[in-house]
>>> print(open('coords_21.cif').read())   # mmCIF, C-alpha atoms; chains and numbers go by the auth columns
data_query
loop_
_atom_site.group_PDB
_atom_site.id
_atom_site.type_symbol
_atom_site.label_atom_id
_atom_site.label_comp_id
_atom_site.label_asym_id
_atom_site.label_seq_id
_atom_site.Cartn_x
_atom_site.Cartn_y
_atom_site.Cartn_z
_atom_site.B_iso_or_equiv
_atom_site.auth_seq_id
_atom_site.auth_asym_id
ATOM 1 C CA MET A 1 -10.158 -7.246 28.462 0.00 1 E
ATOM 2 C CA PRO A 2 -7.626 -4.584 27.445 0.00 2 E
ATOM 3 C CA ASP A 3 -6.636 -2.032 30.058 0.00 3 E
ATOM 4 C CA GLU A 4 -7.032 1.734 29.581 0.00 4 E
ATOM 5 C CA THR A 5 -3.441 2.183 28.404 0.00 5 E
ATOM 6 C CA THR A 6 -3.878 -0.486 25.737 0.00 6 E
ATOM 7 C CA ILE A 7 -7.142 1.078 24.533 0.00 7 E
ATOM 8 C CA HIS A 8 -5.609 4.567 24.498 0.00 8 E
ATOM 9 C CA THR A 9 -2.563 3.325 22.571 0.00 9 E
ATOM 10 C CA TRP A 10 -4.781 1.488 20.078 0.00 10 E
ATOM 11 C CA VAL A 11 -6.808 4.648 19.437 0.00 11 E
ATOM 12 C CA LEU A 12 -3.645 6.726 19.001 0.00 12 E
ATOM 13 C CA LEU A 13 -2.175 4.183 16.581 0.00 13 E
ATOM 14 C CA ALA A 14 -5.344 4.178 14.488 0.00 14 E
ATOM 15 C CA ARG A 15 -5.535 7.991 14.490 0.00 15 E
ATOM 16 C CA ALA A 16 -1.851 8.378 13.640 0.00 16 E
ATOM 17 C CA GLY A 17 -2.181 5.978 10.729 0.00 17 E
ATOM 18 C CA ARG A 18 -5.324 7.653 9.432 0.00 18 E
ATOM 19 C CA THR A 19 -3.827 11.138 9.813 0.00 19 E
ATOM 20 C CA ALA A 20 -0.644 10.176 7.954 0.00 20 E
ATOM 21 C CA VAL A 21 -2.526 8.463 5.119 0.00 21 E
ATOM 22 C CA GLU A 22 -4.914 11.400 4.766 0.00 22 E
ATOM 23 C CA ALA A 23 -1.942 13.782 4.538 0.00 23 E
ATOM 24 C CA VAL A 24 -0.312 11.646 1.836 0.00 24 E
ATOM 25 C CA GLU A 25 -3.615 11.399 -0.079 0.00 25 E
ATOM 26 C CA ALA A 26 -4.052 15.182 0.072 0.00 26 E
ATOM 27 C CA GLU A 27 -0.552 15.790 -1.286 0.00 27 E
ATOM 28 C CA LEU A 28 -1.045 13.323 -4.147 0.00 28 E
ATOM 29 C CA LYS A 29 -4.397 14.901 -5.027 0.00 29 E
ATOM 30 C CA ALA A 30 -2.939 18.436 -4.899 0.00 30 E
ATOM 31 C CA ALA A 31 -0.230 17.300 -7.337 0.00 31 E
ATOM 32 C CA GLY A 32 -2.872 15.909 -9.725 0.00 32 E
ATOM 33 C CA LEU A 33 -1.745 12.333 -9.128 0.00 33 E
ATOM 34 C CA PRO A 34 -3.745 9.143 -8.538 0.00 34 E
ATOM 35 C CA PRO A 35 -4.603 7.968 -5.014 0.00 35 E
ATOM 36 C CA LEU A 36 -2.220 6.165 -2.705 0.00 36 E
ATOM 37 C CA GLY A 37 -3.794 2.752 -3.408 0.00 37 E
ATOM 38 C CA TRP A 38 -2.686 3.048 -7.023 0.00 38 E
ATOM 39 C CA TYR A 39 0.897 3.684 -5.934 0.00 39 E
ATOM 40 C CA ASP A 40 0.846 0.654 -3.661 0.00 40 E
ATOM 41 C CA VAL A 41 -0.388 -1.656 -6.442 0.00 41 E
ATOM 42 C CA LEU A 42 2.155 -0.278 -8.911 0.00 42 E
ATOM 43 C CA TRP A 43 4.972 -0.667 -6.369 0.00 43 E
ATOM 44 C CA GLU A 44 4.087 -4.292 -5.613 0.00 44 E
ATOM 45 C CA LEU A 45 3.863 -5.112 -9.332 0.00 45 E
ATOM 46 C CA GLU A 46 7.161 -3.400 -10.072 0.00 46 E
ATOM 47 C CA ARG A 47 8.880 -5.388 -7.299 0.00 47 E
ATOM 48 C CA ALA A 48 7.364 -8.734 -8.302 0.00 48 E
ATOM 49 C CA ASP A 49 9.044 -11.392 -10.428 0.00 49 E
ATOM 50 C CA ASP A 50 8.298 -10.608 -14.080 0.00 50 E
ATOM 51 C CA ARG A 51 6.532 -7.458 -12.816 0.00 51 E
ATOM 52 C CA ALA A 52 3.342 -9.512 -12.554 0.00 52 E
ATOM 53 C CA LEU A 53 1.053 -10.850 -9.818 0.00 53 E
ATOM 54 C CA ARG A 54 -2.274 -12.602 -9.566 0.00 54 E
ATOM 55 C CA PRO A 55 -5.012 -10.493 -7.970 0.00 55 E
ATOM 56 C CA PHE A 56 -5.070 -12.609 -4.785 0.00 56 E
ATOM 57 C CA GLU A 57 -1.319 -11.989 -4.404 0.00 57 E
ATOM 58 C CA ILE A 58 -1.844 -8.236 -4.681 0.00 58 E
ATOM 59 C CA GLU A 59 -4.725 -8.491 -2.215 0.00 59 E
ATOM 60 C CA SER A 60 -2.608 -10.320 0.365 0.00 60 E
ATOM 61 C CA ARG A 61 0.297 -7.890 0.042 0.00 61 E
ATOM 62 C CA LEU A 62 -1.889 -4.805 0.366 0.00 62 E
ATOM 63 C CA LEU A 63 -4.582 -6.109 2.700 0.00 63 E
ATOM 64 C CA LEU A 64 -7.347 -4.838 0.435 0.00 64 E
ATOM 65 C CA ALA A 65 -10.741 -6.455 0.252 0.00 65 E
ATOM 66 C CA GLN A 66 -11.203 -8.390 -3.003 0.00 66 E
ATOM 67 C CA TYR A 67 -14.149 -6.286 -4.182 0.00 67 E
ATOM 68 C CA ASN A 68 -12.138 -3.075 -3.624 0.00 68 E
ATOM 69 C CA LEU A 69 -9.164 -4.513 -5.477 0.00 69 E
ATOM 70 C CA SER A 70 -11.267 -5.579 -8.464 0.00 70 E
ATOM 71 C CA ARG A 71 -12.616 -2.052 -8.934 0.00 71 E
ATOM 72 C CA LEU A 72 -9.190 -0.522 -8.367 0.00 72 E
ATOM 73 C CA LEU A 73 -7.573 -2.779 -10.976 0.00 73 E
ATOM 74 C CA LYS A 74 -10.306 -1.997 -13.508 0.00 74 E
ATOM 75 C CA ARG A 75 -9.704 1.740 -13.091 0.00 75 E
ATOM 76 C CA MET A 76 -5.954 1.272 -13.348 0.00 76 E
ATOM 77 C CA GLU A 77 -6.347 -0.884 -16.444 0.00 77 E
ATOM 78 C CA ALA A 78 -8.601 1.750 -18.054 0.00 78 E
ATOM 79 C CA ALA A 79 -5.890 4.333 -17.321 0.00 79 E
ATOM 80 C CA GLY A 80 -3.289 2.129 -19.057 0.00 80 E
ATOM 81 C CA LEU A 81 -1.199 1.563 -15.927 0.00 81 E
ATOM 82 C CA VAL A 82 -1.705 -2.208 -15.690 0.00 82 E
ATOM 83 C CA ASP A 83 -2.606 -5.012 -18.072 0.00 83 E
ATOM 84 C CA ARG A 84 -4.683 -8.076 -17.305 0.00 84 E
ATOM 85 C CA ARG A 85 -4.074 -11.343 -19.113 0.00 85 E
ATOM 86 C CA PRO A 86 -5.334 -14.903 -18.590 0.00 86 E
ATOM 87 C CA SER A 87 -3.208 -17.100 -16.387 0.00 87 E
ATOM 88 C CA THR A 88 -1.369 -19.870 -18.204 0.00 88 E
ATOM 89 C CA GLU A 89 -1.455 -21.953 -14.999 0.00 89 E
ATOM 90 C CA ASP A 90 -5.159 -22.606 -14.745 0.00 90 E
ATOM 91 C CA GLY A 91 -6.912 -20.640 -17.478 0.00 91 E
ATOM 92 C CA ARG A 92 -9.484 -19.259 -15.036 0.00 92 E
ATOM 93 C CA GLY A 93 -7.458 -16.659 -13.199 0.00 93 E
ATOM 94 C CA HIS A 94 -5.689 -13.573 -14.433 0.00 94 E
ATOM 95 C CA ILE A 95 -2.229 -12.117 -14.192 0.00 95 E
ATOM 96 C CA ILE A 96 -1.858 -8.383 -13.621 0.00 96 E
ATOM 97 C CA THR A 97 1.248 -6.744 -15.054 0.00 97 E
ATOM 98 C CA ILE A 98 2.538 -3.214 -14.748 0.00 98 E
ATOM 99 C CA THR A 99 2.836 -1.295 -18.017 0.00 99 E
ATOM 100 C CA GLU A 100 5.592 1.154 -18.858 0.00 100 E
ATOM 101 C CA ALA A 101 3.058 3.927 -18.273 0.00 101 E
ATOM 102 C CA GLY A 102 2.359 2.399 -14.853 0.00 102 E
ATOM 103 C CA ALA A 103 6.044 2.314 -13.960 0.00 103 E
ATOM 104 C CA ALA A 104 6.415 5.919 -15.117 0.00 104 E
ATOM 105 C CA MET A 105 3.403 6.962 -13.024 0.00 105 E
ATOM 106 C CA ARG A 106 4.828 5.262 -9.933 0.00 106 E
ATOM 107 C CA ARG A 107 8.120 7.107 -10.428 0.00 107 E
ATOM 108 C CA ARG A 108 6.185 10.377 -10.814 0.00 108 E
ATOM 109 C CA MET A 109 4.225 9.729 -7.633 0.00 109 E
ATOM 110 C CA TRP A 110 7.181 8.792 -5.438 0.00 110 E
ATOM 111 C CA PRO A 111 8.706 12.255 -4.812 0.00 111 E
ATOM 112 C CA VAL A 112 5.306 13.611 -3.702 0.00 112 E
ATOM 113 C CA TYR A 113 4.672 10.532 -1.568 0.00 113 E
ATOM 114 C CA ALA A 114 8.164 10.686 -0.030 0.00 114 E
ATOM 115 C CA ARG A 115 7.787 14.364 0.920 0.00 115 E
ATOM 116 C CA ALA A 116 4.374 13.658 2.436 0.00 116 E
ATOM 117 C CA ILE A 117 5.737 10.737 4.480 0.00 117 E
ATOM 118 C CA GLU A 118 8.511 12.935 5.807 0.00 118 E
ATOM 119 C CA ALA A 119 6.175 15.819 6.669 0.00 119 E
ATOM 120 C CA ALA A 120 3.456 13.674 8.237 0.00 120 E
ATOM 121 C CA PHE A 121 5.676 11.183 10.005 0.00 121 E
ATOM 122 C CA GLY A 122 9.439 11.403 9.659 0.00 122 E
ATOM 123 C CA ALA A 123 9.818 15.024 10.746 0.00 123 E
ATOM 124 C CA ARG A 124 7.881 14.354 13.958 0.00 124 E
ATOM 125 C CA LEU A 125 10.132 11.648 15.424 0.00 125 E
ATOM 126 C CA SER A 126 13.861 11.414 16.066 0.00 126 E
ATOM 127 C CA GLY A 127 15.924 8.614 14.571 0.00 127 E
ATOM 128 C CA SER A 128 15.969 6.742 17.876 0.00 128 E
ATOM 129 C CA ASP A 129 12.203 7.240 18.288 0.00 129 E
ATOM 130 C CA MET A 130 11.708 5.834 14.794 0.00 130 E
ATOM 131 C CA LEU A 131 13.844 2.779 15.585 0.00 131 E
ATOM 132 C CA ARG A 132 11.923 2.101 18.811 0.00 132 E
ATOM 133 C CA LEU A 133 8.549 2.540 17.123 0.00 133 E
ATOM 134 C CA SER A 134 9.626 0.322 14.233 0.00 134 E
ATOM 135 C CA ALA A 135 10.706 -2.441 16.617 0.00 135 E
ATOM 136 C CA LEU A 136 7.431 -2.234 18.539 0.00 136 E
ATOM 137 C CA LEU A 137 5.289 -2.316 15.412 0.00 137 E
ATOM 138 C CA GLU A 138 7.277 -5.264 14.051 0.00 138 E
ATOM 139 C CA ARG A 139 6.433 -7.170 17.248 0.00 139 E
ATOM 140 C CA VAL A 140 2.737 -6.432 16.723 0.00 140 E
ATOM 141 C CA VAL A 141 2.871 -7.503 13.053 0.00 141 E
ATOM 142 C CA ARG A 142 4.832 -10.668 13.821 0.00 142 E
ATOM 143 C CA GLY A 143 2.403 -11.581 16.566 0.00 143 E
ATOM 144 C CA ALA A 144 -0.544 -11.168 14.210 0.00 144 E
ATOM 145 C CA GLU A 145 1.139 -13.268 11.522 0.00 145 E
ATOM 146 C CA GLU A 146 1.863 -16.046 14.032 0.00 146 E
ATOM 147 C CA ALA A 147 -1.700 -16.099 15.378 0.00 147 E
#
>>> encode(input="coords_21.cif", output="structure tokens")
Amino acid sequence: MPDETTIHTWVLLARAGRTAVEAVEAELKAAGLPPLGWYDVLWELERADDRALRPFEIESRLLLAQYNLSRLLKRMEAAGLVDRRPSTEDGRGHIITITEAGAAMRRRMWPVYARAIEAAFGARLSGSDMLRLSALLERVVRGAEEA
């Protein structure tokens, strides 16, 4: 059973994450830009080899549920930000690629996203606080990956 400090820290971590994401989402919306999930997909595609990934690869990198990702990709495809083509490996799956419009949209979103990250998170902690928090969170992530 977790002790009170662990429970309190867990709640604060969840609230801090939610608060920061909500602030970023609000800034993107106010700027007339797509939601944060779109940015994350575009970023992962832009970073990938050949600027393409299979949906399960996107899902694992973003930790989205498959049904959420399917709907998200359909909306992004309808907006012209990604393309879907059959996989040459097995013929059943698909490859998602970022379009030039998608890359341009990600570049447009970044300055708003960056300012929101700084306002919601970066401006609230010193450099040494950020390093300590980063090290602690990396331990949590590593532990979860090893489990």
>>> closest_residue(input="coords_21.cif", among="E:Ala147, E:Leu131, E:Ala48, E:Val21", to="E:Ala119", atoms="only C-alpha atoms")
E:Val21
>>> closest_residue(input="coords_21.cif", among="E:Val140, E:Asp49, E:Phe121, E:Met105", to="E:Arg18", atoms="all atoms listed in the file")
E:Phe121
>>> residues_around(input="coords_21.cif", residues="E:Glu22", least_positions_apart="4", cutoff="10 Å", atoms="only C-alpha atoms", output="MDAnalysis selection string")
chainID E and resid 16:18 26:28 36 116 120
>>> closest_residue(input="coords_21.cif", among="E:Phe56, E:Ile98, E:Leu13, E:Leu33", to="E:Pro111", atoms="all atoms listed in the file")
E:Leu33
>>> resolve_selection(input="coords_21.cif", expression="the PyMOL selection byres ((chain E and resi 42) around 9)", output="number ranges by chain")
E: 37-41, 43-47, 81-82, 97-98, 102-103, 105-106
>>> closest_residue(input="coords_21.cif", among="E:Gly127, E:Gly93, E:Pro55, E:Gly122", to="E:Arg71", atoms="all atoms listed in the file")
E:Pro55
>>> atom_distance(input="coords_21.cif", atom1="atom CA of E:Gln66", atom2="atom CA of E:Arg139")
26.9 Å
>>> atom_distance(input="coords_21.cif", atom1="atom CA of E:Thr99", atom2="atom CA of E:Ala30")
24.4 Å
>>> closest_residue(input="coords_21.cif", among="E:Tyr113, E:Ala14, E:Arg85, E:Ile96", to="E:Pro34", atoms="all atoms listed in the file")
E:Tyr113
>>> closest_residue(input="coords_21.cif", among="E:Arg142, E:Ile117, E:Arg54, E:Ser60", to="E:Thr88", atoms="only C-alpha atoms")
E:Arg54
>>> atom_distance(input="coords_21.cif", atom1="atom CA of E:Glu145", atom2="atom CA of E:Val11")
21.1 Å
